[in-house]
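Data from entry.pdb: PDB, C-alpha atoms and all ligand atoms
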MODEL        1
ATOM      1  CA  MET A 210     -20.383  10.867 -15.595
ATOM      2  CA  THR A 211     -19.196   8.420 -12.956
ATOM      3  CA  SER A 212     -17.189   9.854 -10.099
ATOM      4  CA  PRO A 213     -13.801   8.447  -9.257
ATOM      5  CA  ALA A 214     -13.770   5.937  -6.398
ATOM      6  CA  LEU A 215     -11.288   8.146  -4.579
ATOM      7  CA  ASP A 216     -10.381  11.708  -5.369
ATOM      8  CA  LEU A 217      -7.665  13.408  -3.362
ATOM      9  CA  VAL A 218      -6.737  17.024  -3.961
ATOM     10  CA  GLN A 219      -3.752  18.645  -2.251
ATOM     11  CA  VAL A 220      -4.227  16.823   1.020
ATOM     12  CA  GLU A 221      -2.085  18.107   3.870
ATOM     13  CA  LYS A 222      -1.926  16.892   7.429
ATOM     14  CA  GLN A 223       0.089  18.226  10.301
ATOM     15  CA  PHE A 224       0.281  16.592  13.702
ATOM     16  CA  GLY A 225       1.830  19.368  15.773
ATOM     17  CA  THR A 226       5.177  19.904  14.133
ATOM     18  CA  THR A 227       5.050  16.640  12.143
ATOM     19  CA  HIS A 228       4.104  17.281   8.547
ATOM     20  CA  ALA A 229       2.645  13.848   7.785
ATOM     21  CA  LEU A 230       1.125  14.741   4.394
ATOM     22  CA  ARG A 231       2.465  17.519   2.182
ATOM     23  CA  GLY A 232      -0.027  18.018  -0.612
ATOM     24  CA  VAL A 233      -1.110  14.612  -1.851
ATOM     25  CA  SER A 234      -3.249  14.460  -4.996
ATOM     26  CA  PHE A 235      -4.369  11.419  -6.921
ATOM     27  CA  ARG A 236      -7.438   9.661  -8.210
ATOM     28  CA  VAL A 237      -8.465   6.059  -8.148
ATOM     29  CA  GLU A 238     -11.060   5.136 -10.743
ATOM     30  CA  GLN A 239     -13.904   2.749 -10.005
ATOM     31  CA  GLY A 240     -12.908  -0.858 -10.451
ATOM     32  CA  GLU A 241      -9.172  -0.310 -10.068
ATOM     33  CA  PHE A 242      -6.858  -2.407  -7.941
ATOM     34  CA  PHE A 243      -4.599   0.345  -6.691
ATOM     35  CA  GLY A 244      -1.428   0.004  -4.649
ATOM     36  CA  LEU A 245      -0.278   2.629  -2.177
ATOM     37  CA  LEU A 246       3.302   1.916  -1.260
ATOM     38  CA  GLY A 247       5.823   3.688   0.868
ATOM     39  CA  PRO A 248       8.260   3.218   3.712
ATOM     40  CA  ASN A 249       7.152   3.364   7.334
ATOM     41  CA  GLY A 250       6.073   6.830   8.327
ATOM     42  CA  ALA A 251       5.378   7.898   4.725
ATOM     43  CA  GLY A 252       1.799   8.851   5.653
ATOM     44  CA  LYS A 253      -0.170   5.913   4.215
ATOM     45  CA  SER A 254      -2.281   5.219   7.296
ATOM     46  CA  THR A 255      -2.894   8.911   7.881
ATOM     47  CA  LEU A 256      -4.211   9.221   4.329
ATOM     48  CA  ILE A 257      -6.460   6.199   4.829
ATOM     49  CA  ASN A 258      -7.779   7.559   8.109
ATOM     50  CA  ILE A 259      -8.657  10.785   6.326
ATOM     51  CA  MET A 260     -10.544   8.800   3.647
ATOM     52  CA  ALA A 261     -12.491   7.106   6.432
ATOM     53  CA  GLY A 262     -13.280  10.415   8.114
ATOM     54  CA  LEU A 263     -11.389   9.327  11.240
ATOM     55  CA  VAL A 264      -8.767  12.031  10.860
ATOM     56  CA  ARG A 265      -9.416  15.513   9.552
ATOM     57  CA  ALA A 266      -7.015  16.856   6.926
ATOM     58  CA  THR A 267      -5.363  20.163   7.745
ATOM     59  CA  SER A 268      -6.185  21.269   4.213
ATOM     60  CA  GLY A 269      -7.210  19.808   0.869
ATOM     61  CA  GLN A 270     -10.185  17.713  -0.222
ATOM     62  CA  VAL A 271     -10.988  14.035  -0.271
ATOM     63  CA  ALA A 272     -14.051  12.494  -1.889
ATOM     64  CA  VAL A 273     -15.186   8.866  -1.883
ATOM     65  CA  MET A 274     -17.433   7.952  -4.832
ATOM     66  CA  GLY A 275     -18.075  11.649  -5.271
ATOM     67  CA  TYR A 276     -18.942  12.374  -1.615
ATOM     68  CA  ASP A 277     -16.785  14.785   0.336
ATOM     69  CA  VAL A 278     -15.444  13.078   3.477
ATOM     70  CA  VAL A 279     -16.142  16.130   5.650
ATOM     71  CA  ARG A 280     -19.235  17.817   4.215
ATOM     72  CA  GLN A 281     -20.933  14.548   3.227
ATOM     73  CA  TYR A 282     -19.464  12.333   5.895
ATOM     74  CA  ARG A 283     -22.308   9.827   6.223
ATOM     75  CA  ASP A 284     -22.608   9.275   2.490
ATOM     76  CA  SER A 285     -18.886   8.997   1.951
ATOM     77  CA  ARG A 286     -18.516   6.643   4.923
ATOM     78  CA  SER A 287     -21.198   4.354   3.521
ATOM     79  CA  GLN A 288     -19.160   3.951   0.341
ATOM     80  CA  ILE A 289     -15.908   2.804   1.930
ATOM     81  CA  GLY A 290     -14.786  -0.110   4.077
ATOM     82  CA  ILE A 291     -11.469   0.114   5.840
ATOM     83  CA  VAL A 292      -9.476  -2.786   7.185
ATOM     84  CA  PRO A 293      -7.158  -1.068   9.644
ATOM     85  CA  GLN A 294      -3.480  -1.809  10.078
ATOM     86  CA  GLU A 295      -3.747  -2.180  13.847
ATOM     87  CA  LEU A 296      -5.819  -4.926  15.458
ATOM     88  CA  VAL A 297      -8.287  -2.800  17.388
ATOM     89  CA  TYR A 298     -11.351  -4.477  18.831
ATOM     90  CA  ASP A 299     -13.473  -4.718  21.903
ATOM     91  CA  PRO A 300     -12.597  -7.989  23.682
ATOM     92  CA  PHE A 301     -15.979  -8.272  25.394
ATOM     93  CA  PHE A 302     -17.993  -8.917  22.264
ATOM     94  CA  THR A 303     -18.377 -12.034  20.214
ATOM     95  CA  VAL A 304     -17.642 -12.049  16.510
ATOM     96  CA  TRP A 305     -21.343 -11.989  15.695
ATOM     97  CA  GLU A 306     -22.100  -9.155  18.143
ATOM     98  CA  MET A 307     -19.316  -7.070  16.714
ATOM     99  CA  LEU A 308     -20.652  -7.468  13.177
ATOM    100  CA  LYS A 309     -24.189  -6.653  14.325
ATOM    101  CA  ILE A 310     -22.984  -3.505  16.074
ATOM    102  CA  GLN A 311     -21.085  -2.404  13.005
ATOM    103  CA  SER A 312     -24.144  -3.117  10.837
ATOM    104  CA  GLY A 313     -26.300  -1.012  13.133
ATOM    105  CA  TYR A 314     -23.826   1.808  12.807
ATOM    106  CA  PHE A 315     -24.738   1.911   9.107
ATOM    107  CA  GLY A 316     -28.444   1.722   9.895
ATOM    108  CA  LEU A 317     -28.711  -1.931   8.868
ATOM    109  CA  GLY A 318     -30.796  -4.370  10.872
ATOM    110  CA  ARG A 319     -31.913  -7.962  10.578
ATOM    111  CA  GLU A 320     -32.211  -7.754   6.806
ATOM    112  CA  ASN A 321     -28.408  -7.710   6.752
ATOM    113  CA  ASP A 322     -27.969 -10.962   8.729
ATOM    114  CA  GLU A 323     -27.855 -13.113   5.652
ATOM    115  CA  TRP A 324     -24.920 -11.114   4.308
ATOM    116  CA  LEU A 325     -23.151 -11.278   7.680
ATOM    117  CA  ASP A 326     -23.501 -15.053   7.665
ATOM    118  CA  GLU A 327     -22.151 -15.149   4.143
ATOM    119  CA  LEU A 328     -19.189 -13.010   5.195
ATOM    120  CA  LEU A 329     -18.443 -15.394   8.056
ATOM    121  CA  GLU A 330     -18.583 -18.264   5.611
ATOM    122  CA  ILE A 331     -16.305 -16.607   3.048
ATOM    123  CA  LEU A 332     -13.797 -15.658   5.718
ATOM    124  CA  LYS A 333     -13.972 -19.108   7.346
ATOM    125  CA  LEU A 334     -15.222 -17.641  10.603
ATOM    126  CA  THR A 335     -18.527 -19.492  10.880
ATOM    127  CA  GLU A 336     -17.221 -21.725  13.657
ATOM    128  CA  LYS A 337     -16.011 -18.685  15.577
ATOM    129  CA  ARG A 338     -19.330 -16.884  15.319
ATOM    130  CA  ASP A 339     -20.030 -16.915  19.064
ATOM    131  CA  GLU A 340     -16.437 -16.726  20.319
ATOM    132  CA  ASN A 341     -15.240 -13.713  22.198
ATOM    133  CA  LEU A 342     -12.784 -11.735  20.114
ATOM    134  CA  HIS A 343     -10.424 -11.921  22.983
ATOM    135  CA  ASN A 344     -10.073 -15.714  22.520
ATOM    136  CA  LEU A 345      -9.190 -15.586  18.847
ATOM    137  CA  SER A 346      -5.733 -15.861  17.345
ATOM    138  CA  GLY A 347      -4.199 -12.810  15.659
ATOM    139  CA  GLY A 348      -4.990 -14.235  12.241
ATOM    140  CA  MET A 349      -8.631 -14.835  13.148
ATOM    141  CA  LYS A 350      -8.943 -11.327  14.562
ATOM    142  CA  ARG A 351      -7.682  -9.969  11.270
ATOM    143  CA  ARG A 352     -10.380 -11.919   9.437
ATOM    144  CA  VAL A 353     -12.987 -10.428  11.765
ATOM    145  CA  LEU A 354     -11.709  -6.928  10.991
ATOM    146  CA  ILE A 355     -12.119  -7.675   7.301
ATOM    147  CA  ALA A 356     -15.678  -8.873   7.847
ATOM    148  CA  GLN A 357     -16.323  -5.754   9.918
ATOM    149  CA  ALA A 358     -15.085  -3.526   7.093
ATOM    150  CA  LEU A 359     -17.498  -5.192   4.668
ATOM    151  CA  VAL A 360     -20.759  -5.333   6.638
ATOM    152  CA  HIS A 361     -22.291  -2.534   4.553
ATOM    153  CA  ARG A 362     -21.016  -3.896   1.200
ATOM    154  CA  PRO A 363     -18.958  -0.819   0.425
ATOM    155  CA  PRO A 364     -17.956  -0.344  -3.226
ATOM    156  CA  VAL A 365     -14.504   0.869  -2.138
ATOM    157  CA  VAL A 366     -12.405  -1.409   0.047
ATOM    158  CA  VAL A 367      -9.176  -0.240   1.646
ATOM    159  CA  LEU A 368      -6.748  -2.723   3.094
ATOM    160  CA  ASP A 369      -4.019  -1.139   5.216
ATOM    161  CA  GLU A 370      -1.087  -3.543   5.348
ATOM    162  CA  PRO A 371      -3.358  -6.558   5.719
ATOM    163  CA  THR A 372      -0.530  -9.044   5.520
ATOM    164  CA  ALA A 373       1.986  -7.433   7.870
ATOM    165  CA  GLY A 374       3.015 -10.116  10.318
ATOM    166  CA  VAL A 375       0.555 -12.792   9.194
ATOM    167  CA  ASP A 376       1.594 -16.320   8.278
ATOM    168  CA  VAL A 377       1.979 -17.501   4.710
ATOM    169  CA  GLU A 378      -1.298 -19.389   4.620
ATOM    170  CA  LEU A 379      -3.403 -16.470   5.820
ATOM    171  CA  ARG A 380      -1.532 -14.125   3.530
ATOM    172  CA  ARG A 381      -2.451 -16.276   0.575
ATOM    173  CA  ALA A 382      -6.075 -16.454   1.722
ATOM    174  CA  LEU A 383      -6.165 -12.659   2.064
ATOM    175  CA  TRP A 384      -4.839 -12.144  -1.447
ATOM    176  CA  GLU A 385      -7.362 -14.535  -2.821
ATOM    177  CA  PHE A 386     -10.100 -12.706  -0.981
ATOM    178  CA  ALA A 387      -8.920  -9.318  -2.266
ATOM    179  CA  HIS A 388      -8.966 -10.700  -5.813
ATOM    180  CA  ARG A 389     -12.454 -12.005  -5.284
ATOM    181  CA  LEU A 390     -13.688  -8.604  -4.087
ATOM    182  CA  HIS A 391     -12.071  -7.018  -7.100
ATOM    183  CA  ARG A 392     -13.663  -9.505  -9.483
ATOM    184  CA  ASP A 393     -17.019  -8.782  -7.844
ATOM    185  CA  GLY A 394     -16.608  -5.151  -8.871
ATOM    186  CA  HIS A 395     -15.121  -3.520  -5.780
ATOM    187  CA  THR A 396     -12.458  -0.879  -6.081
ATOM    188  CA  ILE A 397      -9.468  -1.938  -4.005
ATOM    189  CA  LEU A 398      -6.829   0.233  -2.425
ATOM    190  CA  LEU A 399      -4.079  -1.775  -0.847
ATOM    191  CA  THR A 400      -1.097  -0.626   1.138
ATOM    192  CA  THR A 401       1.701  -3.057   1.625
ATOM    193  CA  HIS A 402       5.415  -3.163   2.010
ATOM    194  CA  TYR A 403       5.625  -6.521   0.264
ATOM    195  CA  LEU A 404       6.674  -5.187  -3.094
ATOM    196  CA  GLU A 405       6.383  -8.441  -5.013
ATOM    197  CA  GLU A 406       2.792  -8.654  -3.904
ATOM    198  CA  ALA A 407       1.969  -5.152  -5.056
ATOM    199  CA  GLU A 408       3.713  -5.969  -8.308
ATOM    200  CA  SER A 409       1.553  -8.996  -8.924
ATOM    201  CA  MET A 410      -1.770  -7.626  -7.623
ATOM    202  CA  CYS A 411      -2.075  -3.959  -8.521
ATOM    203  CA  ASP A 412      -2.727  -2.257 -11.861
ATOM    204  CA  ARG A 413      -1.484   1.133 -10.777
ATOM    205  CA  ILE A 414       0.766   2.105  -7.972
ATOM    206  CA  ALA A 415       1.460   5.306  -6.073
ATOM    207  CA  ILE A 416       4.614   5.584  -4.057
ATOM    208  CA  LEU A 417       4.325   7.836  -1.056
ATOM    209  CA  ASP A 418       7.493   9.121   0.536
ATOM    210  CA  ARG A 419       7.674  11.545   3.450
ATOM    211  CA  GLY A 420       4.138  12.764   2.852
ATOM    212  CA  LYS A 421       4.481  13.280  -0.905
ATOM    213  CA  VAL A 422       3.652  11.240  -3.961
ATOM    214  CA  ALA A 423       7.079  10.287  -5.285
ATOM    215  CA  ALA A 424       5.651   8.400  -8.264
ATOM    216  CA  LEU A 425       2.298   7.348  -9.586
ATOM    217  CA  SER A 426       1.965   5.165 -12.565
ATOM    218  CA  ASP A 427       1.077   1.993 -14.240
ATOM    219  CA  LYS A 428       3.537  -0.454 -12.710
ATOM    220  CA  GLN A 429       5.266  -1.162 -16.032
ATOM    221  CA  GLU A 430       5.706   2.551 -16.673
ATOM    222  CA  LEU A 431       7.016   2.970 -13.169
ATOM    223  CA  ILE A 432       9.761   0.556 -14.073
ATOM    224  CA  PHE A 433      10.550   1.963 -17.517
ATOM    225  CA  GLN A 434      10.342   5.601 -16.431
ATOM    226  CA  ASN A 435      12.851   5.019 -13.685
ATOM    227  CA  SER A 436      16.055   6.847 -14.490
ATOM    228  CA  TYR A 437      18.167   3.777 -13.804
ATOM    229  CA  ARG A 438      18.611   0.298 -15.067
ATOM    230  CA  VAL A 439      20.422  -2.359 -13.137
ATOM    231  CA  GLY A 440      23.819  -3.577 -14.232
ATOM    232  CA  VAL A 441      25.024  -6.942 -13.030
ATOM    233  CA  VAL A 442      28.812  -7.332 -12.861
ATOM    234  CA  GLU A 443      29.997 -10.908 -12.521
ATOM    235  CA  ARG A 444      32.514 -10.124  -9.790
ATOM    236  CA  VAL A 445      32.529  -8.587  -6.387
ATOM    237  CA  LEU A 446      33.551  -4.962  -6.415
ATOM    238  CA  GLY A 447      35.574  -4.255  -3.315
ATOM    239  CA  SER A 448      35.633  -1.229  -1.105
ATOM    240  CA  ASN A 449      38.594   0.487  -2.749
ATOM    241  CA  ILE A 450      36.552   2.013  -5.551
ATOM    242  CA  PRO A 451      35.723   5.666  -6.169
ATOM    243  CA  GLN A 452      32.738   7.058  -4.312
ATOM    244  CA  HIS A 453      30.586   7.777  -7.357
ATOM    245  CA  VAL A 454      30.773   4.093  -8.198
ATOM    246  CA  SER A 455      30.295   2.794  -4.665
ATOM    247  CA  THR A 456      27.171   4.911  -4.094
ATOM    248  CA  ALA A 457      25.631   3.309  -7.199
ATOM    249  CA  ILE A 458      26.003  -0.191  -5.806
ATOM    250  CA  ILE A 459      22.654  -1.737  -4.918
ATOM    251  CA  SER A 460      23.857  -5.042  -3.539
ATOM    252  CA  ARG A 461      26.646  -7.591  -3.619
ATOM    253  CA  SER A 462      26.286 -11.327  -3.659
ATOM    254  CA  ARG A 463      29.021 -13.933  -3.353
ATOM    255  CA  SER A 464      30.088 -13.639  -6.975
ATOM    256  CA  SER A 465      28.420 -10.557  -8.417
ATOM    257  CA  THR A 466      27.612  -6.922  -7.826
ATOM    258  CA  GLN A 467      24.386  -5.123  -8.760
ATOM    259  CA  ILE A 468      24.845  -1.544  -9.681
ATOM    260  CA  ARG A 469      22.586   1.344 -10.747
ATOM    261  CA  VAL A 470      23.329   2.454 -14.285
ATOM    262  CA  PRO A 471      21.783   5.690 -15.613
ATOM    263  CA  ARG A 472      19.257   5.099 -18.381
ATOM    264  CA  GLU A 473      20.011   8.338 -20.154
ATOM    265  CA  GLN A 474      22.587   7.824 -22.929
ATOM    266  CA  ARG A 475      25.121  10.495 -22.057
ATOM    267  CA  LEU A 476      25.097   9.789 -18.318
ATOM    268  CA  GLN A 477      25.336   6.100 -19.056
ATOM    269  CA  GLN A 478      28.442   6.621 -21.226
ATOM    270  CA  GLN A 479      30.032   8.646 -18.429
ATOM    271  CA  PHE A 480      29.245   5.948 -15.923
ATOM    272  CA  LEU A 481      30.592   3.152 -18.132
ATOM    273  CA  GLN A 482      33.765   5.184 -18.528
ATOM    274  CA  GLN A 483      34.085   5.386 -14.739
ATOM    275  CA  LEU A 484      33.565   1.647 -14.512
ATOM    276  CA  SER A 485      36.183   0.921 -17.126
ATOM    277  CA  GLU A 486      38.631   2.970 -15.061
ATOM    278  CA  ILE A 487      38.305   0.396 -12.282
ATOM    279  CA  GLY A 488      38.648  -2.463 -14.747
ATOM    280  CA  VAL A 489      35.015  -3.303 -15.472
ATOM    281  CA  THR A 490      34.514  -3.440 -19.212
ATOM    282  CA  GLU A 491      31.205  -3.073 -20.999
ATOM    283  CA  ASP A 492      30.985  -6.761 -21.915
ATOM    284  CA  GLN A 493      31.328  -7.700 -18.228
ATOM    285  CA  LEU A 494      28.153  -5.784 -17.479
ATOM    286  CA  GLN A 495      24.670  -7.237 -18.026
ATOM    287  CA  LEU A 496      21.952  -4.605 -18.091
ATOM    288  CA  ARG A 497      18.399  -5.404 -17.009
ATOM    289  CA  GLU A 498      15.237  -3.521 -15.994
ATOM    290  CA  PRO A 499      14.845  -2.909 -12.266
ATOM    291  CA  THR A 500      12.269  -4.790 -10.241
ATOM    292  CA  LEU A 501       9.548  -2.758  -8.589
ATOM    293  CA  GLU A 502      11.438  -3.104  -5.338
ATOM    294  CA  GLU A 503      14.557  -1.571  -6.843
ATOM    295  CA  VAL A 504      12.505   1.284  -8.310
ATOM    296  CA  PHE A 505      10.959   1.823  -4.914
ATOM    297  CA  LEU A 506      14.370   2.039  -3.314
ATOM    298  CA  THR A 507      15.711   4.557  -5.811
ATOM    299  CA  LEU A 508      12.583   6.703  -5.381
ATOM    300  CA  THR A 509      12.373   6.613  -1.619
ATOM    301  CA  GLY A 510      16.104   6.661  -1.101
ATOM    302  CA  GLU A 511      16.011   3.878   1.465
ATOM    303  CA  ASP A 512      19.230   2.501   0.087
ATOM    304  CA  ARG A 513      21.093   5.767   0.283
TER     305      ARG A 513
HETATM  306  P1  LIG B 601       2.636   4.963   7.410
HETATM  307  O1  LIG B 601       1.278   4.371   7.574
HETATM  308  O2  LIG B 601       3.005   5.257   5.988
HETATM  309  O3  LIG B 601       3.696   4.159   8.089
HETATM  310  P2  LIG B 601       1.629   7.051   9.150
HETATM  311  O4  LIG B 601       0.529   7.690   8.406
HETATM  312  O5  LIG B 601       1.274   6.076  10.204
HETATM  313  O6  LIG B 601       2.648   6.407   8.117
HETATM  314  O7  LIG B 601       2.520   8.178   9.808
HETATM  315  C1  LIG B 601       2.989   9.322   9.086
HETATM  316  C2  LIG B 601       3.665  10.288  10.051
HETATM  317  O8  LIG B 601       2.684  10.903  10.891
HETATM  318  C3  LIG B 601       4.655   9.628  10.992
HETATM  319  O9  LIG B 601       5.710  10.520  11.199
HETATM  320  C4  LIG B 601       3.844   9.420  12.244
HETATM  321  O10 LIG B 601       4.693   9.403  13.373
HETATM  322  C5  LIG B 601       2.950  10.646  12.247
HETATM  323  N1  LIG B 601       1.660  10.389  12.922
HETATM  324  C6  LIG B 601       0.703   9.527  12.512
HETATM  325  N2  LIG B 601      -0.374   9.574  13.337
HETATM  326  C7  LIG B 601      -0.082  10.501  14.301
HETATM  327  C8  LIG B 601      -0.781  10.997  15.435
HETATM  328  N3  LIG B 601      -2.020  10.570  15.752
HETATM  329  N4  LIG B 601      -0.161  11.931  16.173
HETATM  330  C9  LIG B 601       1.067  12.366  15.864
HETATM  331  N5  LIG B 601       1.780  11.955  14.816
HETATM  332  C10 LIG B 601       1.222  11.011  14.030
HETATM  333 MG    MG B 602       0.644   2.568   8.283
ENDMDL
END
Structure translated into structure tokens:
Amino acid sequence: MTSPALDLVQVEKQFGTTHALRGVSFRVEQGEFFGLLGPNGAGKSTLINIMAGLVRATSGQVAVMGYDVVRQYRDSRSQIGIVPQELVYDPFFTVWEMLKIQSGYFGLGRENDEWLDELLEILKLTEKRDENLHNLSGGMKRRVLIAQALVHRPPVVVLDEPTAGVDVELRRALWEFAHRLHRDGHTILLTTHYLEEAESMCDRIAILDRGKVAALSDKQELIFQNSYRVGVVERVLGSNIPQHVSTAIISRSRSSTQIRVPREQRLQQQFLQQLSEIGVTEDQLQLREPTLEEVFLTLTGEDR
């Protein structure tokens, strides 16, 4: 039997009085392209740091390719490459030195040089090989961190918000690279707050909110299981409407209003009745499925 790429069981983490993770459980199978989404502070980076063995969970278990991150730290660490959210690096080393040091950390010597050169080539860093990290642009530094995460050819690759604050060109290059890794057989876990990107890249998605898994599903199911659809009313609903209608409003544009409409039949009838009381008839309302972003907002309550 093959072990899951990542197996998390009831993971909790407390930092003093901050309860960053409150019992997170999920599995990522080998070969998946998995999205971990959630608002700032949801606990995504903490979870990733636990997978990497950098942070110790307060309770619960995490295994990478079947290896427990605490009891079998070295084995589990050899199976995972993490591209961190923050640009952390030692400015005194060159790109090449940094990759060599990281290689050595995994017990790899000169036999790995060919792969390091290939990584530099793939990430378009060959020209920067002997530059000090300190002299590189932010985008280049991010590429180096990706190379660093991959020196030991880990089967599981975790990208923590790789595109936050990078320009469009680099973002596109990063996506292409992530796809390439996936095609080559790597399991990918990606965190991002660019919802459209998660929607287009990932097969399954977990939404983390305040340290808990708020939803975990195939992205299509995530959309269809959501308890709301979106109604588009071709007029702007003003402010003098009852509260139960105004709280359902998602957004207004110049000529229309987007509103959350319950999916469930009885609740939907009730809601349509409330709308008709303020002069919006059923034929003025176009119903559509929510986008992933809208699902995300209803689940994490960022729009409330
Ligand atoms: P995300 O990556 O989803 O934005 P984080 O995992 O960075 O979330 O943070 C989750 C929560 O844990 C936040 O409230 C954050 O302030 C807190 N936290 C994270 N790391 C530490 C730390 N080293 N010490 C104290 N609190 C922390
Ligand atoms: Mg984070």
**Message:** Calculated over all atoms listed in the file, which of the candidates A:Thr500, A:Gln483, A:Ser287, A:Asn344 has the smallest distance to A:Pro300?
**Reply:** A:Asn344
**Item:** Separation of atom CA of A:Val292 from atom CA of A:Glu221 in Å
**Value:**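 Pair atom CA of A:Glu221 / atom CA of A:Val292 returns 22.4 Å.
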**Prompt:** Of the candidates A:Ser268, A:Thr401, A:Gln288, A:Thr211, which shows the shortest atom-to-atom distance to ligand MG 602 (chain B), using only C-alpha atoms and all ligand atoms?
**Reply:** A:Thr401
With 8 Å of padding per side, what axis-aligned box (centre and edge lengths, Å, one decimal) covers all the listed atoms of stretch 315-324 of chain A? Give it as JSON.
{"center_x": -28.5, "center_y": -5.6, "center_z": 7.6, "size_x": 23.5, "size_y": 31.0, "size_z": 22.6}
**Request:** Have a look at A:Tyr276, A:Tyr403, A:Phe224, A:Trp324 and name the one nearest to ligand LIG 601 (chain B); count all atoms listed in the file.
**Result:** A:Phe224
**Asked** What is the distance between atom CA of A:Gly262 and atom CA of A:Ile291, in Å to one decimal?
**Response**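 Straight-line distance from atom CA of A:Gly262 to atom CA of A:Ile291 works out to 10.7 Å.
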**Among listed residues A:Leu383, A:Ala266, A:Val360, A:Ala373, nearest ligand MG 602 (chain B) (using only C-alpha atoms and all ligand atoms)** =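 Checking each of A:Leu383, A:Ala266, A:Val360, A:Ala373 against ligand MG 602 (chain B), counting only C-alpha atoms and all ligand atoms, the winner is A:Ala373.
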Reconstruct stretch 270-282 of chain A at the level of N, CA and C atoms, and format the result as a short mmCIF file (atom, residue, chain, number, x, y, z; two decimals), in the coordinates of the input.
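Output below, filename result.cif:
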data_model
loop_
_atom_site.label_atom_id
_atom_site.label_comp_id
_atom_site.auth_asym_id
_atom_site.auth_seq_id
_atom_site.Cartn_x
_atom_site.Cartn_y
_atom_site.Cartn_z
N GLN A 270 -8.88 18.39 -0.15
CA GLN A 270 -10.18 17.71 -0.22
C GLN A 270 -10.03 16.24 -0.55
N VAL A 271 -10.93 15.46 0.05
CA VAL A 271 -10.99 14.04 -0.27
C VAL A 271 -12.45 13.67 -0.51
N ALA A 272 -12.70 12.97 -1.62
CA ALA A 272 -14.05 12.49 -1.89
C ALA A 272 -14.01 10.99 -2.17
N VAL A 273 -15.02 10.30 -1.64
CA VAL A 273 -15.19 8.87 -1.88
C VAL A 273 -16.45 8.69 -2.72
N MET A 274 -16.31 8.13 -3.90
CA MET A 274 -17.43 7.95 -4.83
C MET A 274 -18.20 9.26 -5.00
N GLY A 275 -17.46 10.35 -5.04
CA GLY A 275 -18.08 11.65 -5.27
C GLY A 275 -18.56 12.38 -4.02
N TYR A 276 -18.48 11.73 -2.85
CA TYR A 276 -18.94 12.37 -1.62
C TYR A 276 -17.76 12.90 -0.80
N ASP A 277 -17.84 14.17 -0.45
CA ASP A 277 -16.78 14.78 0.34
C ASP A 277 -16.75 14.17 1.74
N VAL A 278 -15.53 13.80 2.20
CA VAL A 278 -15.44 13.08 3.48
C VAL A 278 -15.78 13.94 4.69
N VAL A 279 -15.77 15.26 4.53
CA VAL A 279 -16.14 16.13 5.65
C VAL A 279 -17.59 16.60 5.51
N ARG A 280 -17.90 17.24 4.39
CA ARG A 280 -19.24 17.82 4.22
C ARG A 280 -20.32 16.76 4.04
N GLN A 281 -19.95 15.62 3.46
CA GLN A 281 -20.93 14.55 3.23
C GLN A 281 -20.45 13.27 3.91
N TYR A 282 -20.10 13.43 5.17
CA TYR A 282 -19.46 12.33 5.90
C TYR A 282 -20.25 11.02 5.84
#
